[in-house]
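Student: Below is the structure I would like to discuss, written out as structure tokens.
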Amino acid sequence: MLSTHQRRAFTGAVTLALLGAALPSVATADTDRPDLSRFYGQRIKWSACEGDDLPKYLQCGKVTVPLDYAKPADGTLDLALARFRATGKSRGSVVLNFGGPGGPGVSELTAGGKDFLGLTDGYDVVTFDPRGVGRSSPVSCGEGTGEATDETEPDAEDSNDPRAALDLLRKAAEECAKHSGPVLPHIGTVNASRDLDVMRQALGDKKLNYLGFSYGTRLGAVYAAQFPEKTGRLVLDGVDTLTEPLSEQGIASAQGQQTALADFLDWCTEDINCAFGQDSRTARRDVVRLIESLDEDPVPGDFGEPFSGQDLVGAIGQALYSKELWPALSQALTSLVQDGDTRGIMRFSTGGITLPGGITVPSDGSVPGDGAVPGDGAVPGNGGLTKDGEGGLIEEGDIPVDNLPAALVAINCADDPDRPTADQVTENIDRLRTEYEEASPVFGRYRLTQVLMCYGRPKGTSYIREKVRDVDTPKVLLVGTRGDPATPYRWTTETAARLGSSAVVLDNKGEGHTGYGSSKCVHRKVDDFLLYGSLPDDGSSCGTEE
């Protein structure tokens, strides 16, 4: 979820520069294939991460990948890496992706690495900042984008001239292209998957062992389709859709968050200190009234900026990702309702990524003592590229504050081939608004921006929808959580059907986004598969008490 500045940047992050991610080429002869030998011949140089209060034994490094896989001589990018070394004899690496898209892996492993220490019994546990994210040539839409795109929100559009809002999106797109630099046309999951394969080779692994959460499941599925012969043990937790357009994904997310909110209010109203009383039915109405009131008359935030009802929606949505956050959310809402104190609730408005253990990392990827290797002279505002056009690692303090929402939009749009025209948007906006509000009276308006966010971009790749199916790989473990507010359980079964006979589904009966950090049963079964190759039966489950 996004704060005011980030939400506006998120809505306006539409760029005219995306030309589509480079697809894996099917050449008729070896001479037709680009020469990638310099990238596949490298080895990672690990060293102690720089910074204070870092987890013990955390090491950092980098790997170099081509900016454009079709033209590898035209420039390079460095990707930031971090790892915990295996405690005993290592059988290789397991690579983690925490989701987003746009989540920086290095800072997330730094903040929440203890959840994965069991895997160090046999593996080096490795993560990375994907291209365009964190210290790896981060994309940005620049300062002031939010102010330019306020009117693109559904209720702020000029009902007599919705095309004016689309023009604002185009202007914001130009800012995104200007501030992101050359990396922007080459962002997206297809290229990130190719980066994973370069990383696999640089780690010295014959096959990729991988644990991906949320969006990371999309990345893992694409890798299995592109590199089936290099696929090792893959786990996909909180399974993303491979087929639904962004407009339908927004409705599904709104519905999931509305259900999670109802569950939270059922829990909250059992406590006499709940801000909305002890009746869950009236509490649901009170939440809507509070949002409407704040939209009409925002209250001052931490630094004097207005805190609106839609800011509250974003904060609540972030907190609903994990039941471990519910007590803090309840207390923050009480402070807001009784005292007008926004400090507690704004802690959820960072636009951060929630880790499997319920830890939230801010959108700029920063945590105390964030692990790092020295920067390489990358230029802020140039997509992380150095003056000579090479993509060195950017300094932590230079990561743009809007990198998460800017990367999220860029990656999702690069992965989505649908581009409604101005006529189609104008014709369908009222219907879409109704559908979203029916899906969720709380989250519908907030999520409706997803239908607009790719307007003005060239079409993204159709590779994921058309080619990621019936993968010829070893067994892949898919974990779906019944009460997941972000990735509905049906996406798990639909993606399993798409992947074919290689897919094995583990049904987690619990709640929250992903299962590895919240269910001891899921945690154990995932570790058993990654460490020992022991798979649960297809369709087996983990109960709510685990």
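By convention in this document, the chains of the structure tokens carry letters A, B, ... by their order, each chain's residues are numbered from 1, and ligands are numbered from 1 in the order they are shown.
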DSSP on the backbone, then: every residue of range 200-254 of chain A marked helix (DSSP H, G or I), written as a list in words.

Tutor: Arg200, Gln201, Ala202, Tyr215, Gly216, Thr217, Arg218, Leu219, Gly220, Ala221, Val222, Tyr223, Ala224, Ala225, Gln226, Pro228, Glu229, Lys230, Leu246, Ser247, Glu248, Gln249, Gly250, Ile251, Ala252, Ser253 and Ala254 of chain A

Student: Would you put the residues from that selection into a file with N, CA and C atoms, as a short mmCIF file (atom, residue, chain, number, x, y, z; two decimals), in the first residue's frame?

Tutor:
```cif
data_model
loop_
_atom_site.label_atom_id
_atom_site.label_comp_id
_atom_site.auth_asym_id
_atom_site.auth_seq_id
_atom_site.Cartn_x
_atom_site.Cartn_y
_atom_site.Cartn_z
N ARG A 200 22.25 -17.56 -11.36
CA ARG A 200 22.43 -18.99 -11.05
C ARG A 200 23.83 -19.46 -11.46
N GLN A 201 24.24 -19.10 -12.65
CA GLN A 201 25.55 -19.51 -13.14
C GLN A 201 26.67 -18.87 -12.31
N ALA A 202 26.50 -17.59 -11.99
CA ALA A 202 27.52 -16.89 -11.22
C ALA A 202 27.65 -17.44 -9.81
N TYR A 215 4.44 -11.59 -5.96
CA TYR A 215 4.95 -11.38 -7.31
C TYR A 215 6.12 -12.32 -7.62
N GLY A 216 6.90 -12.68 -6.61
CA GLY A 216 8.01 -13.60 -6.83
C GLY A 216 7.57 -14.93 -7.39
N THR A 217 6.29 -15.29 -7.24
CA THR A 217 5.79 -16.52 -7.85
C THR A 217 5.65 -16.37 -9.35
N ARG A 218 5.29 -15.15 -9.80
CA ARG A 218 5.25 -14.89 -11.24
C ARG A 218 6.64 -15.03 -11.84
N LEU A 219 7.62 -14.46 -11.16
CA LEU A 219 8.99 -14.55 -11.63
C LEU A 219 9.46 -16.00 -11.68
N GLY A 220 9.14 -16.78 -10.65
CA GLY A 220 9.54 -18.19 -10.65
C GLY A 220 8.88 -18.98 -11.76
N ALA A 221 7.61 -18.71 -12.02
CA ALA A 221 6.91 -19.42 -13.09
C ALA A 221 7.49 -19.08 -14.46
N VAL A 222 7.83 -17.81 -14.67
CA VAL A 222 8.44 -17.41 -15.93
C VAL A 222 9.79 -18.09 -16.11
N TYR A 223 10.57 -18.18 -15.03
CA TYR A 223 11.86 -18.86 -15.13
C TYR A 223 11.66 -20.33 -15.54
N ALA A 224 10.68 -20.99 -14.93
CA ALA A 224 10.44 -22.39 -15.26
C ALA A 224 10.08 -22.57 -16.73
N ALA A 225 9.39 -21.58 -17.31
CA ALA A 225 9.04 -21.66 -18.73
C ALA A 225 10.23 -21.35 -19.63
N GLN A 226 11.05 -20.39 -19.24
CA GLN A 226 12.20 -20.01 -20.06
C GLN A 226 13.36 -20.99 -19.96
N PRO A 228 13.53 -24.47 -18.43
CA PRO A 228 13.07 -25.69 -17.75
C PRO A 228 14.20 -26.64 -17.40
N GLU A 229 15.24 -26.70 -18.25
CA GLU A 229 16.33 -27.63 -17.99
C GLU A 229 17.24 -27.14 -16.88
N LYS A 230 17.11 -25.86 -16.48
CA LYS A 230 17.92 -25.30 -15.39
C LYS A 230 17.12 -25.15 -14.11
N LEU A 246 -4.78 -6.45 -15.54
CA LEU A 246 -4.65 -5.67 -14.32
C LEU A 246 -5.99 -5.17 -13.80
N SER A 247 -6.92 -4.87 -14.69
CA SER A 247 -8.23 -4.40 -14.23
C SER A 247 -8.95 -5.46 -13.42
N GLU A 248 -8.83 -6.72 -13.81
CA GLU A 248 -9.47 -7.81 -13.05
C GLU A 248 -8.68 -8.13 -11.78
N GLN A 249 -7.35 -7.99 -11.85
CA GLN A 249 -6.56 -8.19 -10.65
C GLN A 249 -6.94 -7.17 -9.58
N GLY A 250 -7.22 -5.94 -9.98
CA GLY A 250 -7.61 -4.91 -9.02
C GLY A 250 -8.90 -5.25 -8.32
N ILE A 251 -9.87 -5.80 -9.05
CA ILE A 251 -11.14 -6.19 -8.43
C ILE A 251 -10.91 -7.34 -7.45
N ALA A 252 -10.10 -8.33 -7.85
CA ALA A 252 -9.82 -9.46 -6.96
C ALA A 252 -9.13 -8.99 -5.68
N SER A 253 -8.20 -8.05 -5.81
CA SER A 253 -7.51 -7.54 -4.63
C SER A 253 -8.45 -6.77 -3.73
N ALA A 254 -9.35 -5.98 -4.33
CA ALA A 254 -10.32 -5.23 -3.53
C ALA A 254 -11.22 -6.18 -2.76
#
```

Student: Out of A:Met346, A:Leu261, A:Leu79, A:Leu168, which residue has the shortest atom-to-atom distance to Asp302 in chain A when counting only C-alpha atoms?

Tutor: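 Of the candidates, the smallest distance to Asp302 in chain A is held by A:Met346.
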
Student: What residues in range 86-285 of chain A get the DSSP label strand (DSSP E or B)? Please answer as a ChimeraX atom specification.

Tutor: /A:93-97,124-128,133,136,208-213,231-237

Student: So that I can check the surroundings of Arg465 in chain A, please list as a ChimeraX atom specification every protein, DNA and RNA residue that reaches within 12 Å of it, counting only C-alpha atoms and ignoring chain neighbours fewer than 6 positions away.

Tutor: /A:190,218,221-222,225,241-245,415-418,495,498-499

Student: Deliver the residues from the most recent selection as a file, using N, CA and C atoms, as a PDB file, in the first residue's frame.

Tutor:
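again21.pdb written:
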```
ATOM      1  N   VAL A 190      10.225 -10.884 -17.708  1.00  0.00           N
ATOM      2  CA  VAL A 190      10.935 -11.719 -18.670  1.00  0.00           C
ATOM      3  C   VAL A 190      12.438 -11.465 -18.592  1.00  0.00           C
ATOM      4  N   ARG A 218       5.293 -15.149  -9.798  1.00  0.00           N
ATOM      5  CA  ARG A 218       5.248 -14.890 -11.244  1.00  0.00           C
ATOM      6  C   ARG A 218       6.644 -15.032 -11.839  1.00  0.00           C
ATOM      7  N   ALA A 221       7.606 -18.713 -12.022  1.00  0.00           N
ATOM      8  CA  ALA A 221       6.905 -19.422 -13.093  1.00  0.00           C
ATOM      9  C   ALA A 221       7.489 -19.077 -14.459  1.00  0.00           C
ATOM     10  N   VAL A 222       7.834 -17.808 -14.665  1.00  0.00           N
ATOM     11  CA  VAL A 222       8.438 -17.410 -15.934  1.00  0.00           C
ATOM     12  C   VAL A 222       9.788 -18.090 -16.105  1.00  0.00           C
ATOM     13  N   ALA A 225       9.390 -21.583 -17.313  1.00  0.00           N
ATOM     14  CA  ALA A 225       9.035 -21.662 -18.729  1.00  0.00           C
ATOM     15  C   ALA A 225      10.234 -21.353 -19.629  1.00  0.00           C
ATOM     16  N   THR A 241      -1.447 -14.421 -10.388  1.00  0.00           N
ATOM     17  CA  THR A 241      -2.110 -14.856 -11.613  1.00  0.00           C
ATOM     18  C   THR A 241      -1.164 -14.709 -12.803  1.00  0.00           C
ATOM     19  N   LEU A 242      -1.304 -15.596 -13.757  1.00  0.00           N
ATOM     20  CA  LEU A 242      -0.546 -15.522 -15.008  1.00  0.00           C
ATOM     21  C   LEU A 242      -1.414 -15.060 -16.169  1.00  0.00           C
ATOM     22  N   THR A 243      -2.709 -14.893 -15.934  1.00  0.00           N
ATOM     23  CA  THR A 243      -3.632 -14.668 -17.046  1.00  0.00           C
ATOM     24  C   THR A 243      -4.509 -13.435 -16.909  1.00  0.00           C
ATOM     25  N   GLU A 244      -4.858 -13.008 -15.703  1.00  0.00           N
ATOM     26  CA  GLU A 244      -5.841 -11.935 -15.558  1.00  0.00           C
ATOM     27  C   GLU A 244      -5.230 -10.577 -15.882  1.00  0.00           C
ATOM     28  N   PRO A 245      -5.967  -9.727 -16.619  1.00  0.00           N
ATOM     29  CA  PRO A 245      -5.489  -8.358 -16.853  1.00  0.00           C
ATOM     30  C   PRO A 245      -5.501  -7.562 -15.556  1.00  0.00           C
ATOM     31  N   ASP A 415       4.564  -6.422 -18.125  1.00  0.00           N
ATOM     32  CA  ASP A 415       4.076  -7.806 -18.171  1.00  0.00           C
ATOM     33  C   ASP A 415       2.668  -7.922 -18.728  1.00  0.00           C
ATOM     34  N   ASP A 416       2.013  -6.809 -19.026  1.00  0.00           N
ATOM     35  CA  ASP A 416       0.596  -6.831 -19.402  1.00  0.00           C
ATOM     36  C   ASP A 416       0.419  -6.250 -20.800  1.00  0.00           C
ATOM     37  N   PRO A 417      -0.134  -7.016 -21.749  1.00  0.00           N
ATOM     38  CA  PRO A 417      -0.261  -6.532 -23.125  1.00  0.00           C
ATOM     39  C   PRO A 417      -1.505  -5.688 -23.380  1.00  0.00           C
ATOM     40  N   ASP A 418      -2.410  -5.594 -22.400  1.00  0.00           N
ATOM     41  CA  ASP A 418      -3.656  -4.857 -22.626  1.00  0.00           C
ATOM     42  C   ASP A 418      -3.433  -3.351 -22.522  1.00  0.00           C
ATOM     43  N   THR A 495      -3.129 -21.241 -11.541  1.00  0.00           N
ATOM     44  CA  THR A 495      -1.736 -21.275 -11.986  1.00  0.00           C
ATOM     45  C   THR A 495      -1.209 -22.700 -12.018  1.00  0.00           C
ATOM     46  N   ARG A 498      -2.281 -24.165 -15.165  1.00  0.00           N
ATOM     47  CA  ARG A 498      -1.496 -23.628 -16.267  1.00  0.00           C
ATOM     48  C   ARG A 498      -0.121 -24.291 -16.360  1.00  0.00           C
ATOM     49  N   LEU A 499       0.513 -24.493 -15.210  1.00  0.00           N
ATOM     50  CA  LEU A 499       1.855 -25.062 -15.215  1.00  0.00           C
ATOM     51  C   LEU A 499       1.855 -26.538 -15.574  1.00  0.00           C
TER      52      LEU A 499
END
```

Student: Report, in Å to a single decimal, how far apart CA of Glu108 in chain A and CA of Gly391 in chain A are.

Tutor: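 Atom-to-atom, CA of Gly391 in chain A and CA of Glu108 in chain A are spaced 22.0 Å apart.
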